[in-house]
Number of protein chains: 2
Amino acid sequence: MTAAAASGDGIRPRPARRPTMKDIARRAGVSESAVSFALNDRPGVSPGTRERVRRVAEELGWQANSAARALSGERSGCAGLVLARPAQTLGVESFFLQLVSGIQEALSARRVALLFQVVEDLDTELAVLRRWWAERRVDGVLVVDPRVDDPRPALLASLGLPAVVIGGLEADRHHAETPLAVSNVWADDAGAMASVLDHLYSLGHRRIVHVAGMRGLAHTERRIVSLRAEAARRDLTEDQVRSVATDYSDAEGAEATRRILDEPPHTRPTAIVYDNDVMAVAGASVAAGRGVPVPAELSIVAWDDSALCRVTHPRLTALVRDTPGFGRLAAQELLAVLDGAPVRGVQGELPHLEPRESSGPPGK
Amino acid sequence: MTAAAASGDGIRPRPARRPTMKDIARRAGVSESAVSFALNDRPGVSPGTRERVRRVAEELGWQANSAARALSGERSGCAGLVLARPAQTLGVESFFLQLVSGIQEALSARRVALLFQVVEDLDTELAVLRRWWAERRVDGVLVVDPRVDDPRPALLASLGLPAVVIGGLEADRHHAETPLAVSNVWADDAGAMASVLDHLYSLGHRRIVHVAGMRGLAHTERRIVSLRAEAARRDLTEDQVRSVATDYSDAEGAEATRRILDEPPHTRPTAIVYDNDVMAVAGASVAAGRGVPVPAELSIVAWDDSALCRVTHPRLTALVRDTPGFGRLAAQELLAVLDGAPVRGVQGELPHLEPRESSGPPGK
DNA sequence: ACTCCCCGCTCAACCGCTTTAGTCCAGCTC
DNA sequence: GAGCTGGACTAAAGCGGTTGAGCGGGGAGT
């Protein structure tokens, strides 16, 4: 009670004082500038003094005040990432945390912090980016979920805010005349789609549905286009091989699956490629609920692997990619841009298909 | 090519100049201090001037430089959250993104940004907290995954860094004499466990296993203790009702399930409570693989709901809690602490059990 | 009419660091 | 020994805000 009262009265421990360069200067008997030179590996101090200053700083547990450093023209030491997703869609996917964990790994090696924000929609995201820029809060940003006609690169370029787009634009630029506005790292969706179709075609599938993600997202469109190209190469018609768009949720994944399974048995698709793990699991579950055997009557492939794909029965064939690695690559590219690297596109590692029990020769 | 060369040569758009208070002062014909007073709703300027200054600021798209503001004794406008988890365990759980999304909602209403960091272990987390404090990067932090004998509250208290522990300590303090070191928000795990056991007991279950999360996490221990208490209330022995610890992964959830199903049929547990959705789904999948019917021979309850629990067959009975709401609550409490609220414990909403098809009367 | 006070505003210092422009002195050249 | 060079270090300005002290002027009080 007394204890509770003591803490309840708003009495707090007097915060420990944070040492400043002035403290170091005094203790080391030099000027503040000398301290600055010493600690930043700049010429202008003798090796002896440098060492002494370093020791004092160490003793005092000094760390540069990030605000002061940022204010005097230096970097803020922050990168930004804003994720525009309606709250309910950010549920299950493991993709983001993994990506972020990779990003962190690369950034923290250079002591760069990550400012993270989740917002509802693209307009809010634009506002956040603009505000971060105006407040000089971040040195650069990572942009995710690029879209066709994405307004963000132009905004970032006009603000002069260094950025790297993740899941890029490069692949769409083969015929584009416009220069790249910002750097990006991209995955080879076309190559990945080719490997998926190789797998299914060689198993004997001729009627395939691609349950895609949201229309308007660059990689969705890219996969849809790639699917058509791969189908065309094999003389498969649009009746045989098609894409349907969803919002990535388990609900729409399940719904799309139901509609497919409602088709007449002899012309019904024999394989489904889902654009994420959650929809694939939901789809598999719909098939199980209807008693449609997998893979005998329906093969399932998930684009993106996760624990989910391994806990279902049968386990799901999946397109495996190194998501943390992709994040790391993107963060490294951002650091490079901050160091003055030119705008460019960097290709991530090609995903590979991991065949499991959910895909096999079509029955009948 | 020319385009590529032009952008490749490192020629960037000259960054737009960010307006400062000096610009506003000049345009409005007043001093910088007047501008500061006007924009911060401080007395010392006439309504007319205030309005004029505001308009000019608006026109110029001015936003306070966060570094400058932080430097002059103000807040940095950042809250911090560090997540100590080995990279591979951060996979599937939806919990975190949802929590973070709730946190953001509350923080961004007050224009506070969230600095986010993922690290490998607790020691690194302590180092990060210490560094953030020394660099004055954050005004306060949110602490997740509290443990028994957690070193973080003491560190934060000694640094004087405002903090809120999420998933609290309060429930463990009934007999504690030590004052609360930092504020916390907590969920009523005991109450939740009671509702789970009510459900299973009233269905007729007498042999129940709790597949818990990691030992040493405060909420894991709390749930284990609560389970024992609930069992004792019903005169169930430690043979009948027990907890086993895991690392929260699908792999260990599956493994625990296998060991349970290996027990002799007539003394085998008839219900399993999993501490997260991923393990519950993995467990259900093991049961399906072995041909053990759910719920006829095994009832399954998941602690924490997510899309996952709804895509399995049968759908999983789950303990539903409002995770974004919990995050919102925690963030609001942090804001309150920053505003000078005393250290205290706040209780979150009681989770409720959502019965679905995975739980029913035990067969035989 | 004179003081007093408050309002509305400006001045200048300050936050902690970086950086430019010196100052000072030792050592070298011729 | 004067002149020059360059290395080690200091003084001071500046980054963009906040804030306490100061100041002129007009209305109220007596």
# chains A, B, ... in the order shown; residues from 1 in each chain; ligands from 1

call {"tool": "closest_atom_pairs", "arguments": {"of": "chain D", "to": "chain B", "cutoff": "7 Å", "atoms": "only C-alpha atoms (C1' of nucleotides)", "output": "Markdown table"}}
result
| residue | atom | partner | partner_atom | distance |
| --- | --- | --- | --- | --- |
| D:DG16 | C1' | B:Ala68 | CA | 5.0 |
| D:DG17 | C1' | B:Ala68 | CA | 4.8 |
| D:DT18 | C1' | B:Ser72 | CA | 5.9 |

call {"tool": "interface_residues", "arguments": {"of": "chain C", "to": "chain B", "cutoff": "12 Å", "atoms": "only C-alpha atoms (C1' of nucleotides)", "output": "mmCIF file with C-alpha atoms (C1' of nucleotides), in the first residue's frame"}}
result
data_model
loop_
_atom_site.group_PDB
_atom_site.id
_atom_site.type_symbol
_atom_site.label_atom_id
_atom_site.label_comp_id
_atom_site.auth_asym_id
_atom_site.auth_seq_id
_atom_site.Cartn_x
_atom_site.Cartn_y
_atom_site.Cartn_z
ATOM 1 C "C1'" DC C 6 -1.046 43.786 -19.267
ATOM 2 C "C1'" DC C 7 -1.074 42.664 -24.114
ATOM 3 C "C1'" DG C 8 1.408 41.631 -28.208
ATOM 4 C "C1'" DC C 9 5.434 41.147 -29.748
ATOM 5 C "C1'" DT C 10 10.792 40.877 -30.370
ATOM 6 C "C1'" DC C 11 15.518 39.534 -28.762
ATOM 7 C "C1'" DA C 12 18.645 36.423 -27.553
ATOM 8 C "C1'" DA C 13 20.021 32.370 -25.291
ATOM 9 C "C1'" DC C 14 19.867 27.598 -25.401
ATOM 10 C "C1'" DC C 15 19.377 22.415 -26.671
ATOM 11 C "C1'" DG C 16 23.985 19.087 -28.426
ATOM 12 C "C1'" DC C 17 26.317 18.306 -32.141
#

call {"tool": "residues_around", "arguments": {"residues": "range 252-268 of chain B", "least_positions_apart": "6", "cutoff": "9 Å", "atoms": "only C-alpha atoms (C1' of nucleotides)", "output": "NGL selection string"}}
result
(:A and (311)) or (:B and (207-209 or 211-212 or 240 or 244-246 or 274 or 278-287 or 290 or 292 or 364))

call {"tool": "atom_distance", "arguments": {"atom1": "CA of Leu334 in chain A", "atom2": "CA of Leu107 in chain A"}}
result
9.0 Å

call {"tool": "atom_distance", "arguments": {"atom1": "CA of Ala187 in chain A", "atom2": "CA of Arg356 in chain A"}}
result
22.8 Å

call {"tool": "atom_distance", "arguments": {"atom1": "CA of Val35 in chain A", "atom2": "CA of Gly160 in chain B"}}
result
26.9 Å

call {"tool": "residues_around", "arguments": {"residues": "Ala106 in chain B", "least_positions_apart": "5", "cutoff": "12 Å", "atoms": "only C-alpha atoms (C1' of nucleotides)", "output": "PDB file with C-alpha atoms, in the first residue's frame"}}
result
ATOM      1  CA  GLN A 117       3.698   2.831 -39.710  1.00  0.00           C
ATOM      2  CA  VAL A 118       0.535   0.967 -40.607  1.00  0.00           C
ATOM      3  CA  VAL A 119      -2.155   3.016 -42.323  1.00  0.00           C
TER       4      VAL A 119
ATOM      5  CA  ALA B  79       7.665   5.581 -29.194  1.00  0.00           C
ATOM      6  CA  LEU B  99      -1.090  -5.613 -31.959  1.00  0.00           C
ATOM      7  CA  VAL B 100       1.119  -3.178 -33.806  1.00  0.00           C
ATOM      8  CA  SER B 101      -1.727  -2.012 -35.958  1.00  0.00           C
ATOM      9  CA  ARG B 111       1.183  12.112 -34.185  1.00  0.00           C
ATOM     10  CA  VAL B 112       3.594   9.870 -32.388  1.00  0.00           C
ATOM     11  CA  ALA B 113       5.679   7.635 -34.629  1.00  0.00           C
ATOM     12  CA  LEU B 114       6.690   4.085 -33.821  1.00  0.00           C
ATOM     13  CA  PRO B 324      -5.726  -4.501 -32.016  1.00  0.00           C
ATOM     14  CA  GLY B 325      -7.824  -3.187 -29.137  1.00  0.00           C
ATOM     15  CA  PHE B 326      -5.268  -4.424 -26.690  1.00  0.00           C
ATOM     16  CA  GLY B 327      -2.541  -2.642 -28.612  1.00  0.00           C
ATOM     17  CA  ARG B 328      -4.614   0.505 -28.679  1.00  0.00           C
ATOM     18  CA  LEU B 329      -5.067   0.310 -24.927  1.00  0.00           C
ATOM     19  CA  ALA B 330      -1.343  -0.126 -24.373  1.00  0.00           C
ATOM     20  CA  ALA B 331      -0.483   2.799 -26.598  1.00  0.00           C
ATOM     21  CA  GLN B 332      -3.034   4.999 -24.883  1.00  0.00           C
ATOM     22  CA  GLU B 333      -1.545   4.072 -21.550  1.00  0.00           C
ATOM     23  CA  LEU B 334       1.902   4.990 -22.808  1.00  0.00           C
ATOM     24  CA  LEU B 335       0.606   8.346 -23.966  1.00  0.00           C
ATOM     25  CA  ALA B 336      -0.928   8.822 -20.540  1.00  0.00           C
TER      26      ALA B 336
END

call {"tool": "closest_residue", "arguments": {"among": "B:Val56, B:Val273, B:Val294, B:Cys78", "to": "chain A", "atoms": "only C-alpha atoms"}}
result
B:Cys78

call {"tool": "residues_around", "arguments": {"residues": "DT30 in chain D", "least_positions_apart": "4", "cutoff": "12 Å", "atoms": "only C-alpha atoms (C1' of nucleotides)", "output": "PyMOL selection string"}}
result
chain C and resi 1-4

call {"tool": "write_last_selection", "arguments": {"atoms": "N, CA and C atoms (P, O5', C5', C4', C3', O3' and C1' of nucleotides)", "output": "PDB file, in the first residue's frame"}}
result
ATOM      1  P    DA C   1      -3.719  66.440 -18.666  1.00  0.00           P
ATOM      2  O5'  DA C   1      -2.705  65.858 -17.600  1.00  0.00           O
ATOM      3  C5'  DA C   1      -2.109  66.698 -16.642  1.00  0.00           C
ATOM      4  C4'  DA C   1      -1.404  65.812 -15.667  1.00  0.00           C
ATOM      5  C3'  DA C   1      -0.299  64.963 -16.299  1.00  0.00           C
ATOM      6  O3'  DA C   1       0.748  64.829 -15.345  1.00  0.00           O
ATOM      7  C1'  DA C   1      -1.969  63.536 -15.419  1.00  0.00           C
ATOM      8  P    DC C   2       2.212  64.451 -15.838  1.00  0.00           P
ATOM      9  O5'  DC C   2       2.489  63.198 -14.918  1.00  0.00           O
ATOM     10  C5'  DC C   2       2.160  63.255 -13.535  1.00  0.00           C
ATOM     11  C4'  DC C   2       1.990  61.835 -13.033  1.00  0.00           C
ATOM     12  C3'  DC C   2       2.976  60.839 -13.649  1.00  0.00           C
ATOM     13  O3'  DC C   2       3.778  60.272 -12.629  1.00  0.00           O
ATOM     14  C1'  DC C   2       0.753  59.990 -13.687  1.00  0.00           C
ATOM     15  P    DT C   3       4.994  59.298 -13.053  1.00  0.00           P
ATOM     16  O5'  DT C   3       4.381  57.918 -12.552  1.00  0.00           O
ATOM     17  C5'  DT C   3       3.877  57.811 -11.224  1.00  0.00           C
ATOM     18  C4'  DT C   3       2.962  56.608 -11.124  1.00  0.00           C
ATOM     19  C3'  DT C   3       3.641  55.264 -11.393  1.00  0.00           C
ATOM     20  O3'  DT C   3       3.483  54.460 -10.238  1.00  0.00           O
ATOM     21  C1'  DT C   3       1.549  55.416 -12.533  1.00  0.00           C
ATOM     22  P    DC C   4       4.294  53.099 -10.118  1.00  0.00           P
ATOM     23  O5'  DC C   4       3.249  52.028 -10.663  1.00  0.00           O
ATOM     24  C5'  DC C   4       1.897  52.079 -10.217  1.00  0.00           C
ATOM     25  C4'  DC C   4       1.092  51.045 -10.970  1.00  0.00           C
ATOM     26  C3'  DC C   4       1.885  49.785 -11.342  1.00  0.00           C
ATOM     27  O3'  DC C   4       1.191  48.647 -10.869  1.00  0.00           O
ATOM     28  C1'  DC C   4       0.742  50.663 -13.244  1.00  0.00           C
TER      29       DC C   4
END
